[in-house]
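First the structure, in the form of structure tokens, and then the observations on it.
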Amino acid sequence: MPPAPVQPNSPTPVWKVALPLPLPRLFDYQPPSGVMAAASDVGARVRVPFGTRELVGVIAACAEPDSDSPELKTAFALLDPEPLFHGELLESLRWLARYTHAPLGEVLATALPAPLRRGEPLADTHAWVWQLTEAGHTARERLRDGRPRRLADRLAGGPCDEDLLDEAGDDDWRSAARALAKRGLAERLAVPAVPRAPIPQPGPALNAEQQAAVDAVTAAGDGFAALLLDGVTGSGKTEVYLHAIADCLARGRQALVLVPEIGLTPQTLARFRARLGVPVHALHSGLSDGERARTWAAFARGEARVVVGTRSAVFLPLPEAGLIIIDEEHDGSFKQLDGIRYHARDFALVRGKALGVPVLLGSATPSLESLRNAQAGRYAHLRLRARAGAAQPPRVRVLDVRKRPLEAGLSPELLDAIEQALQADGQVLVFKNRRGYAPVLLCHDCGWSAQCQRCDAPMTVHAGGRRLQCHHCGARRMVPNACPDCGGLALQAQGAGTERIEETLAARFTDVPVLRIDRGTTQRRDALEQHLARFGTQRGILVGTQMLAKGHDLPNLTMVAVVGIDEGLFSADFRAPEKLAQLLIQVAGRAGRAERAGEVLLQTHHPSHPLLGTLLAGGYGAFAESELVQREEAGFPPFAHMAMLRAEAKQADACDAMLRAARELLREASPSLELHGPLPAPMPRRAGFQRAQLLLSSPDRRALHGALDAALPAIYALPEARKVRWSLDVDPVDL
Ligand code: ADP
Ligand code: ZN
Ligand code: ZN
């Protein structure tokens with residue numbers, strides 16, 4: 001054997017950069033001239049050339065260049081003096097990239113607010129204070145009575161934080177401050193933000209079960225623990241969160257609270273703010289990029305203490321973490337359905353473990369995954385069995401509507417019950433999980449129905465029957481005057497959505513307000529709050545979709561009528577029963593939250609369906625137990641682990657070819673892996689694209705991931721893969 005070539009000196013290290021590209025690798029760059037690549041750069045952002053583009057990436061490693069690398073490119077600039085990602089967050093995100101089998105660069109980009117993704121510096125998080133100038137101190141006593149004088153008097157005691165001035169209740173202090181500044185009497189200064197000591201407001205005294213739950217969380221103290229808070233609606237879970245957070249704050253730590261997209265209402269925030277007595281940051285899709293970036297920075301610097309946020313808040317840096325809470329942990333909105341398909345609840349548990357802090361999962365209807373973990377002893381199972389305070393559990397009645405005449409899908413018995421509830425001065429909620437006027441437009445003469453031209457789905461009738469809209473791709477058109485097939489004039493809106501139910505109820509109950517709440521009426525985040533505030537506690541009828549299923553205390557709501565659940569009883573998706581049971585329990589939980597007893601009516605054509613029987617007799621717990629037995633027998637999650645490979649293209653053949661080739665590679669990688677497909681997606685055509693999927697399943701999580709690790713490089717390289725858009729979804733929720 002010839003001797004190994006002598007290396008005169010080992011090559012200088014380069015930056016291995018994770019770029020936000022759908023390519024499963026790092027890219028080598030040498031630092032700009034005058035800069036040495038060092039291990040301490042890992043986690044910092046860099047601006048680099050890529051082809052004809054400029055990209056912002058993150059240094060993932062510092063090492064020798066790959067020997068087979070083509071000519072080494074030079075980075076334009078190192079953007080962070082201190083690495084933006086480090087410690088726990090960087091390690092957890094590396095884990096997420098491995099678990100989702102996604103490129104690290106895309107995962108890191110997903111974790112950042114847009115301005116940081118674009119390469120902007122970490123946002124300024126100074127606090128602003130106002131103080132009197134020297135001239136202000138001298139002139140103060142001579143000022144006339146009025147707002148500027150009152151502000152000057154207040155500032156005479158020393159500089160004052162803008163947040164405190166906001167909270168002091170004078171909404172117009174800013175104009176007074178400007179008036180003083182104009183005369184040179186006051187000035188605004190930036191000071192470093194320091195976390196404020198909490199000034200909490202008292203809440204109700206906890207009952208024994210609530211106290212036991214709080215004690216279990218605080219006992220976990222400085223270590224990781226997963227706790228499932230399984231408490232019926234209105235049992236006081238939020239009170240438990242508030243006490244656990246107060247304890248976390250008292251220990252000088254940060255708390256992260258994740259809530260579902262529709263749970264983050266101003267009402268919720270106000271409750272957290274009032275009770276905790278520290279600034280509570282909110283993070284949701286309604287914020288500007290700048291606001292998101294400032295919150296990120298405030299957490300990274302350890303200035304912010306508490307955040308209540310939706311899914312993406314799980315990516316906040318938590319250098320002083322003390323507690324993570326996931327409210328309504330079963331909620332589907334915690335799973336991201338495109339891009340990096342992560343589950344915020346599952347990632348929060350990974351972070352909690354890495355951070356060494358307790359993770360509290362709360363729900364009245366826990367996911368079967370979490371219940372299984374509790375059964376297996378991996379999570380502590382905390383229960384709140386009774387409603388807090390004076391509230392009683394609602395009575396539930398099933399209305400058999402077989403052979404009954406229906407008006408907009410409502411039976412005479414249901415309409416009578418609504419009438420009675422209104423006569424007793426109550427509020428009624430009619431729940432229907434379908435927005436629009438009617439789900440289908442049908443020609444009574446020839447059977448033609450209005451289909452979306454780009455999706456395999458009927459178009460929904462809107463605007464009182466005048467417009468058609470596709471809920472999958474957003475396409476809109478006017479309802480035709482005549483049938484496009486036979487020219488007949490007998491076009492009929494079939495079935496009922498919330499709009500038609502609203503119309504029917506408004507025509508029948510003319511002396512009470514009827515308010516509809518769905519995505520059509522409630523586009524803006526605070527609109528729901530405003531609608532409900534105007535509605536108040538007077539007698540009247542609310543018609544709504546699942547937007548109304550949670551979050552809001554409606555103290556005078558005495559009756560909930562649930563219609564149109566039947567299709568959920570017979571869905572092909574193995575998760576459909578779980579979703580339906582959760583929805584029914586959550587909607588029913590709206591009734592009778594305060595002193596007045598509540599009643600729930602379930603209208604169905606299948607009154608003896610076993611799901612309804614189990615749910616009514618034994619509650620969600622009994623349902624979940626029997627459902628878990630069935631999942632185990634069928635080999636479905638949580639007893640199996642799944643991943644879905646999806647492909648879409650203009651031609652169905654291209655999807656099929658890609659998935660068949662991928663299937664071969666996966667089969668080679670693991671003979672024991674269960675592979676189902678390729679099959680058309682549940683909606684085979686959407687927005688003009690043909691869609692197909694290949695389902696991977698294994699009882700052994702590691703076997704599934706091992707097969708993916710082995711096969712994915714070859715799948716990326718498939719010539720067939722270039723002709724489609726494809727994606728991998730680990731732990732898919734919509735099959
Ligand atoms: P959940 O989050 O489980 O739906 P909440 O924490 O919102 O329940 O509590 C429901 C209602 O009961 C709220 O109005 C709350 O103020 C009240 N409440 C909670 N705990 C108690 C308690 N221990 N005593 C009296 N009222 C309580
Ligand atoms: Zn026709
Ligand atoms: Zn469409």
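Every chain in the structure tokens has a letter given in the order shown (A, B, ...), and although residue numbers restart at 1 in each chain, ligands are simply numbered from 1 in the order shown.
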
Query - Contacts with ligand 1 at most 7 Å, only C-alpha atoms and all ligand atoms counted, listed as a PyMOL selection string - result: chain A and resi 204-207+231-239+388-389

Query - 12 Å contact set for A:Ala475, only C-alpha atoms, chain neighbours under 4 positions out, as an MDAnalysis selection string - result: chainID A and resid 451:455 457:461 467:471 686:688

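You will find atom CA of A:Glu499 at 11.7 Å from atom CA of A:Phe431.
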
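If you measure from each of A:Arg25, A:His472, A:Lys182, A:Arg253 to A:Pro103 using only C-alpha atoms, the closest one turns out to be A:Arg25.
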
Requested in this report: Give the residues close to ligand 2, within 10 Å, counting only C-alpha atoms and all ligand atoms; write them as number ranges by chain.
Outcome: A: 442-449, 482-491

Dump C-alpha atoms for the selected residues as an mmCIF file, in the first residue's frame?
data_model
loop_
_atom_site.group_PDB
_atom_site.id
_atom_site.type_symbol
_atom_site.label_atom_id
_atom_site.label_comp_id
_atom_site.auth_asym_id
_atom_site.auth_seq_id
_atom_site.Cartn_x
_atom_site.Cartn_y
_atom_site.Cartn_z
ATOM 1 C CA LEU A 442 -78.066 21.141 -7.198
ATOM 2 C CA CYS A 443 -80.170 21.124 -10.374
ATOM 3 C CA HIS A 444 -83.469 19.485 -9.516
ATOM 4 C CA ASP A 445 -84.137 18.706 -13.199
ATOM 5 C CA CYS A 446 -80.952 16.910 -14.257
ATOM 6 C CA GLY A 447 -78.854 16.331 -11.118
ATOM 7 C CA TRP A 448 -76.021 18.705 -12.060
ATOM 8 C CA SER A 449 -74.187 20.125 -9.033
ATOM 9 C CA ALA A 482 -79.837 28.508 -15.245
ATOM 10 C CA CYS A 483 -78.355 25.024 -15.052
ATOM 11 C CA PRO A 484 -75.215 24.916 -17.251
ATOM 12 C CA ASP A 485 -76.085 21.332 -18.301
ATOM 13 C CA CYS A 486 -79.807 21.331 -19.068
ATOM 14 C CA GLY A 487 -80.652 25.008 -19.047
ATOM 15 C CA GLY A 488 -83.341 24.372 -16.439
ATOM 16 C CA LEU A 489 -84.201 26.947 -13.808
ATOM 17 C CA ALA A 490 -84.619 24.516 -10.910
ATOM 18 C CA LEU A 491 -81.293 25.209 -9.162
#

Report task. Give me the residues within 8 Å of A:Leu55 as an MDAnalysis selection string, counting only C-alpha atoms and dropping any in the same chain fewer than 6 places off. Result -> chainID A and resid 19:20 47:49

Any chance you could export the current selection's C-alpha atoms as a tab-separated table (two decimals), in the first residue's frame?
chain	number	residue	atom	x	y	z
A	19	LEU	CA	-29.54	27.38	4.35
A	20	PRO	CA	-33.33	27.64	4.05
A	47	ARG	CA	-25.24	36.30	4.56
A	48	VAL	CA	-23.95	34.20	1.67
A	49	PRO	CA	-24.05	34.02	-2.12

Query raised in the report: Any idea what's packed within 12 Å of stretch 154-168 of chain A, counting only C-alpha atoms, ignoring anything in its chain fewer than 4 positions away? Could you give it as a PyMOL selection string?
Result: chain A and resi 126-141+147-150+172-174+176-177+180+185-194+196+273-274+277-280

Query raised in the report: Where does DSSP see strand (DSSP E or B) in stretch 185-408 of chain A, if you list the residues as an NGL selection string?
Result: :A and (186-191 or 225-231 or 254-258 or 280-283 or 306-309 or 321-327 or 335 or 343 or 358-363 or 380-384 or 395-400 or 407)

For those residues, write C-alpha atoms to a file as a PDB file, in the first residue's frame.
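Once written, again32.pdb looks like this:
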ATOM      1  CA  ALA A 186     -39.962  66.754  29.554  1.00  0.00           C
ATOM      2  CA  GLU A 187     -37.966  64.183  27.583  1.00  0.00           C
ATOM      3  CA  ARG A 188     -38.217  60.570  26.519  1.00  0.00           C
ATOM      4  CA  LEU A 189     -35.295  58.247  27.242  1.00  0.00           C
ATOM      5  CA  ALA A 190     -34.490  54.667  26.290  1.00  0.00           C
ATOM      6  CA  VAL A 191     -33.481  52.499  29.231  1.00  0.00           C
ATOM      7  CA  ALA A 225     -41.936  16.336  34.352  1.00  0.00           C
ATOM      8  CA  ALA A 226     -44.866  15.846  32.003  1.00  0.00           C
ATOM      9  CA  LEU A 227     -48.247  16.356  33.641  1.00  0.00           C
ATOM     10  CA  LEU A 228     -51.645  15.880  32.044  1.00  0.00           C
ATOM     11  CA  LEU A 229     -54.321  18.105  33.606  1.00  0.00           C
ATOM     12  CA  ASP A 230     -57.501  16.283  32.670  1.00  0.00           C
ATOM     13  CA  GLY A 231     -60.333  18.545  33.806  1.00  0.00           C
ATOM     14  CA  GLN A 254     -39.904  32.464  32.402  1.00  0.00           C
ATOM     15  CA  ALA A 255     -43.189  30.762  31.504  1.00  0.00           C
ATOM     16  CA  LEU A 256     -44.418  29.749  28.047  1.00  0.00           C
ATOM     17  CA  VAL A 257     -48.154  29.167  27.552  1.00  0.00           C
ATOM     18  CA  LEU A 258     -49.332  27.697  24.251  1.00  0.00           C
ATOM     19  CA  VAL A 280     -47.752  39.215  29.468  1.00  0.00           C
ATOM     20  CA  HIS A 281     -46.578  38.990  25.867  1.00  0.00           C
ATOM     21  CA  ALA A 282     -48.962  37.708  23.246  1.00  0.00           C
ATOM     22  CA  LEU A 283     -47.743  35.947  20.121  1.00  0.00           C
ATOM     23  CA  VAL A 306     -44.535  35.305  30.303  1.00  0.00           C
ATOM     24  CA  VAL A 307     -45.833  34.660  26.812  1.00  0.00           C
ATOM     25  CA  VAL A 308     -49.233  33.376  25.786  1.00  0.00           C
ATOM     26  CA  GLY A 309     -48.953  32.336  22.184  1.00  0.00           C
ATOM     27  CA  ALA A 321     -37.307  28.827  31.534  1.00  0.00           C
ATOM     28  CA  GLY A 322     -39.326  27.611  34.486  1.00  0.00           C
ATOM     29  CA  LEU A 323     -42.565  26.202  33.088  1.00  0.00           C
ATOM     30  CA  ILE A 324     -44.304  25.268  29.835  1.00  0.00           C
ATOM     31  CA  ILE A 325     -48.096  24.986  29.599  1.00  0.00           C
ATOM     32  CA  ILE A 326     -50.110  23.713  26.649  1.00  0.00           C
ATOM     33  CA  ASP A 327     -53.782  24.544  27.009  1.00  0.00           C
ATOM     34  CA  LYS A 335     -49.829  20.743  14.261  1.00  0.00           C
ATOM     35  CA  HIS A 343     -46.396  19.435  16.410  1.00  0.00           C
ATOM     36  CA  PRO A 358     -42.221  20.819  33.982  1.00  0.00           C
ATOM     37  CA  VAL A 359     -44.601  20.667  31.019  1.00  0.00           C
ATOM     38  CA  LEU A 360     -48.289  20.884  31.891  1.00  0.00           C
ATOM     39  CA  LEU A 361     -50.793  19.675  29.267  1.00  0.00           C
ATOM     40  CA  GLY A 362     -54.366  20.708  29.949  1.00  0.00           C
ATOM     41  CA  SER A 363     -57.617  19.613  28.331  1.00  0.00           C
ATOM     42  CA  ALA A 380     -48.615  12.289  35.752  1.00  0.00           C
ATOM     43  CA  HIS A 381     -52.413  12.192  35.404  1.00  0.00           C
ATOM     44  CA  LEU A 382     -54.040  15.062  37.305  1.00  0.00           C
ATOM     45  CA  ARG A 383     -57.826  15.268  37.379  1.00  0.00           C
ATOM     46  CA  LEU A 384     -60.364  18.001  37.999  1.00  0.00           C
ATOM     47  CA  ARG A 395     -77.987  17.890  30.888  1.00  0.00           C
ATOM     48  CA  VAL A 396     -77.613  16.215  27.499  1.00  0.00           C
ATOM     49  CA  ARG A 397     -80.570  15.026  25.398  1.00  0.00           C
ATOM     50  CA  VAL A 398     -80.411  13.207  22.044  1.00  0.00           C
ATOM     51  CA  LEU A 399     -83.063  14.228  19.529  1.00  0.00           C
ATOM     52  CA  ASP A 400     -83.925  11.534  17.013  1.00  0.00           C
ATOM     53  CA  GLU A 407     -86.328  23.348   8.261  1.00  0.00           C
TER      54      GLU A 407
END

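Counting only C-alpha atoms and all ligand atoms, the residue from A:Cys473, A:Gly302, A:Asp511, A:Pro65 that sits nearest to ligand 3 is A:Cys473.
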
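Residues surrounding stretch 612-621 of chain A within 9 Å are Ala364, Thr365, Pro366, Val396, Arg397, Val398, Ala581, Gln582, Ile585, His606, Pro607, Ser608, His609, Ala624, Glu625 and Ser626 of chain A [only C-alpha atoms; sequence separation below 3 positions excluded].
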
**Report entry** All residues 9 Å or closer to A:Leu242, only C-alpha atoms, same chain fewer than 5 positions away omitted, as a ChimeraX atom specification
**Finding:** /A:237,247,272,275-276

Report task. Extract, using only C-alpha atoms, all DNA, RNA and protein residues at most 12 Å from stretch 97-102 of chain A, discarding same-chain residues fewer than 4 positions from it, and format them as number ranges by chain. Result -> A: 18-25, 90-93, 106-111, 336, 338-343, 346-347, 350, 642-645, 701-702, 704-713, 716, 727-732

Same residues, N, CA and C atoms, saved as a compact mmCIF listing (two decimals), in the first residue's frame:
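Saved to out06.txt:
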# COMPACT_ATOMS: atom_id res chain seq x y z
N ALA A 18 -26.25 26.16 7.35
CA ALA A 18 -27.60 25.62 7.10
C ALA A 18 -28.40 26.69 6.39
N LEU A 19 -28.80 26.41 5.14
CA LEU A 19 -29.54 27.38 4.35
C LEU A 19 -31.01 26.98 4.24
N PRO A 20 -31.89 27.96 4.15
CA PRO A 20 -33.33 27.64 4.05
C PRO A 20 -33.70 27.14 2.66
N LEU A 21 -33.23 25.94 2.34
CA LEU A 21 -33.47 25.34 1.03
C LEU A 21 -33.93 23.91 1.23
N PRO A 22 -34.74 23.40 0.31
CA PRO A 22 -35.21 22.02 0.47
C PRO A 22 -34.15 21.00 0.08
N LEU A 23 -32.95 21.17 0.60
CA LEU A 23 -31.85 20.25 0.30
C LEU A 23 -31.25 19.78 1.62
N PRO A 24 -31.14 18.47 1.81
CA PRO A 24 -30.78 17.94 3.12
C PRO A 24 -29.28 17.97 3.37
N ARG A 25 -28.67 19.13 3.33
CA ARG A 25 -27.23 19.18 3.55
C ARG A 25 -26.81 20.57 3.99
N LEU A 90 -30.84 25.65 20.16
CA LEU A 90 -30.16 25.12 18.98
C LEU A 90 -30.20 23.58 18.99
N GLU A 91 -29.93 22.99 20.15
CA GLU A 91 -29.94 21.52 20.23
C GLU A 91 -31.33 20.97 19.97
N SER A 92 -32.37 21.64 20.54
CA SER A 92 -33.74 21.16 20.33
C SER A 92 -34.13 21.27 18.85
N LEU A 93 -33.69 22.34 18.20
CA LEU A 93 -34.03 22.50 16.78
C LEU A 93 -33.29 21.49 15.91
N GLU A 106 -34.10 24.88 6.95
CA GLU A 106 -35.53 25.21 6.90
C GLU A 106 -36.14 25.22 8.29
N VAL A 107 -35.68 24.31 9.15
CA VAL A 107 -36.19 24.28 10.52
C VAL A 107 -35.79 25.57 11.25
N LEU A 108 -34.53 25.96 11.12
CA LEU A 108 -34.06 27.18 11.80
C LEU A 108 -34.81 28.41 11.28
N ALA A 109 -35.07 28.44 9.97
CA ALA A 109 -35.80 29.58 9.41
C ALA A 109 -37.23 29.62 9.94
N THR A 110 -37.84 28.43 10.09
CA THR A 110 -39.20 28.38 10.62
C THR A 110 -39.26 28.92 12.05
N ALA A 111 -38.17 28.71 12.79
CA ALA A 111 -38.16 29.10 14.20
C ALA A 111 -37.99 30.61 14.39
N GLN A 336 -48.55 21.91 12.58
CA GLN A 336 -48.39 22.69 11.35
C GLN A 336 -48.57 21.76 10.16
N ASP A 338 -48.12 22.53 6.81
CA ASP A 338 -47.26 22.68 5.64
C ASP A 338 -45.87 23.13 6.09
N GLY A 339 -44.96 23.25 5.14
CA GLY A 339 -43.59 23.61 5.51
C GLY A 339 -43.00 22.56 6.43
N ILE A 340 -42.43 23.00 7.55
CA ILE A 340 -41.94 22.05 8.55
C ILE A 340 -43.14 21.57 9.35
N ARG A 341 -43.48 20.29 9.19
CA ARG A 341 -44.73 19.80 9.79
C ARG A 341 -44.50 19.33 11.22
N TYR A 342 -44.32 20.32 12.11
CA TYR A 342 -44.04 19.98 13.51
C TYR A 342 -45.34 20.00 14.31
N HIS A 343 -45.29 19.36 15.47
CA HIS A 343 -46.40 19.43 16.41
C HIS A 343 -45.92 20.22 17.63
N ASP A 346 -45.74 18.34 20.96
CA ASP A 346 -44.67 17.36 21.08
C ASP A 346 -43.31 18.04 21.17
N PHE A 347 -43.15 19.11 20.42
CA PHE A 347 -41.87 19.83 20.48
C PHE A 347 -41.71 20.50 21.84
N VAL A 350 -40.28 18.06 24.15
CA VAL A 350 -38.85 17.86 23.91
C VAL A 350 -38.05 19.01 24.54
N MET A 642 -46.47 6.65 12.38
CA MET A 642 -46.74 6.81 10.96
C MET A 642 -45.97 7.98 10.38
N ALA A 643 -45.78 7.91 9.07
CA ALA A 643 -45.27 9.05 8.32
C ALA A 643 -45.97 9.01 6.96
N MET A 644 -46.18 10.17 6.40
CA MET A 644 -46.88 10.23 5.11
C MET A 644 -45.99 10.93 4.10
N LEU A 645 -45.80 10.27 2.96
CA LEU A 645 -45.08 10.89 1.86
C LEU A 645 -46.15 11.37 0.88
N ARG A 701 -41.11 3.05 16.62
CA ARG A 701 -40.76 4.39 16.14
C ARG A 701 -39.36 4.41 15.54
N ARG A 702 -38.43 3.70 16.20
CA ARG A 702 -37.06 3.77 15.71
C ARG A 702 -36.90 3.09 14.35
N LEU A 704 -39.15 3.03 12.02
CA LEU A 704 -39.68 3.97 11.02
C LEU A 704 -38.64 5.04 10.68
N HIS A 705 -38.04 5.62 11.72
CA HIS A 705 -37.07 6.69 11.46
C HIS A 705 -35.80 6.14 10.82
N GLY A 706 -35.42 4.93 11.20
CA GLY A 706 -34.24 4.31 10.59
C GLY A 706 -34.44 4.13 9.09
N ALA A 707 -35.63 3.67 8.72
CA ALA A 707 -35.91 3.46 7.30
C ALA A 707 -35.88 4.79 6.55
N LEU A 708 -36.44 5.81 7.16
CA LEU A 708 -36.45 7.12 6.50
C LEU A 708 -35.03 7.65 6.35
N ASP A 709 -34.23 7.53 7.42
CA ASP A 709 -32.85 7.99 7.34
C ASP A 709 -32.11 7.30 6.20
N ALA A 710 -32.36 6.00 6.07
CA ALA A 710 -31.63 5.24 5.07
C ALA A 710 -32.10 5.58 3.65
N ALA A 711 -33.41 5.80 3.48
CA ALA A 711 -33.94 5.93 2.12
C ALA A 711 -33.98 7.38 1.62
N LEU A 712 -34.05 8.35 2.53
CA LEU A 712 -34.31 9.71 2.06
C LEU A 712 -33.25 10.29 1.11
N PRO A 713 -31.95 10.06 1.37
CA PRO A 713 -30.98 10.63 0.41
C PRO A 713 -31.27 10.16 -1.02
N TYR A 716 -34.46 11.92 -2.34
CA TYR A 716 -34.15 13.27 -2.82
C TYR A 716 -33.56 13.24 -4.22
N SER A 727 -43.47 16.06 -0.17
CA SER A 727 -43.19 16.41 1.21
C SER A 727 -43.35 15.19 2.09
N LEU A 728 -42.67 15.24 3.23
CA LEU A 728 -42.78 14.16 4.20
C LEU A 728 -43.41 14.72 5.46
N ASP A 729 -44.38 14.00 6.01
CA ASP A 729 -45.07 14.43 7.22
C ASP A 729 -44.96 13.32 8.25
N VAL A 730 -44.14 13.55 9.28
CA VAL A 730 -44.00 12.56 10.35
C VAL A 730 -45.12 12.80 11.36
N ASP A 731 -45.75 11.75 11.83
CA ASP A 731 -46.94 11.83 12.69
C ASP A 731 -48.03 12.66 12.01
N PRO A 732 -48.48 12.25 10.83
CA PRO A 732 -49.52 13.02 10.14
C PRO A 732 -50.82 12.96 10.93

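Of the listed residues (A:Arg476, A:His531, A:Lys650, A:Thr545), A:Arg476 comes nearest to ligand 3; the distances count only C-alpha atoms and all ligand atoms.
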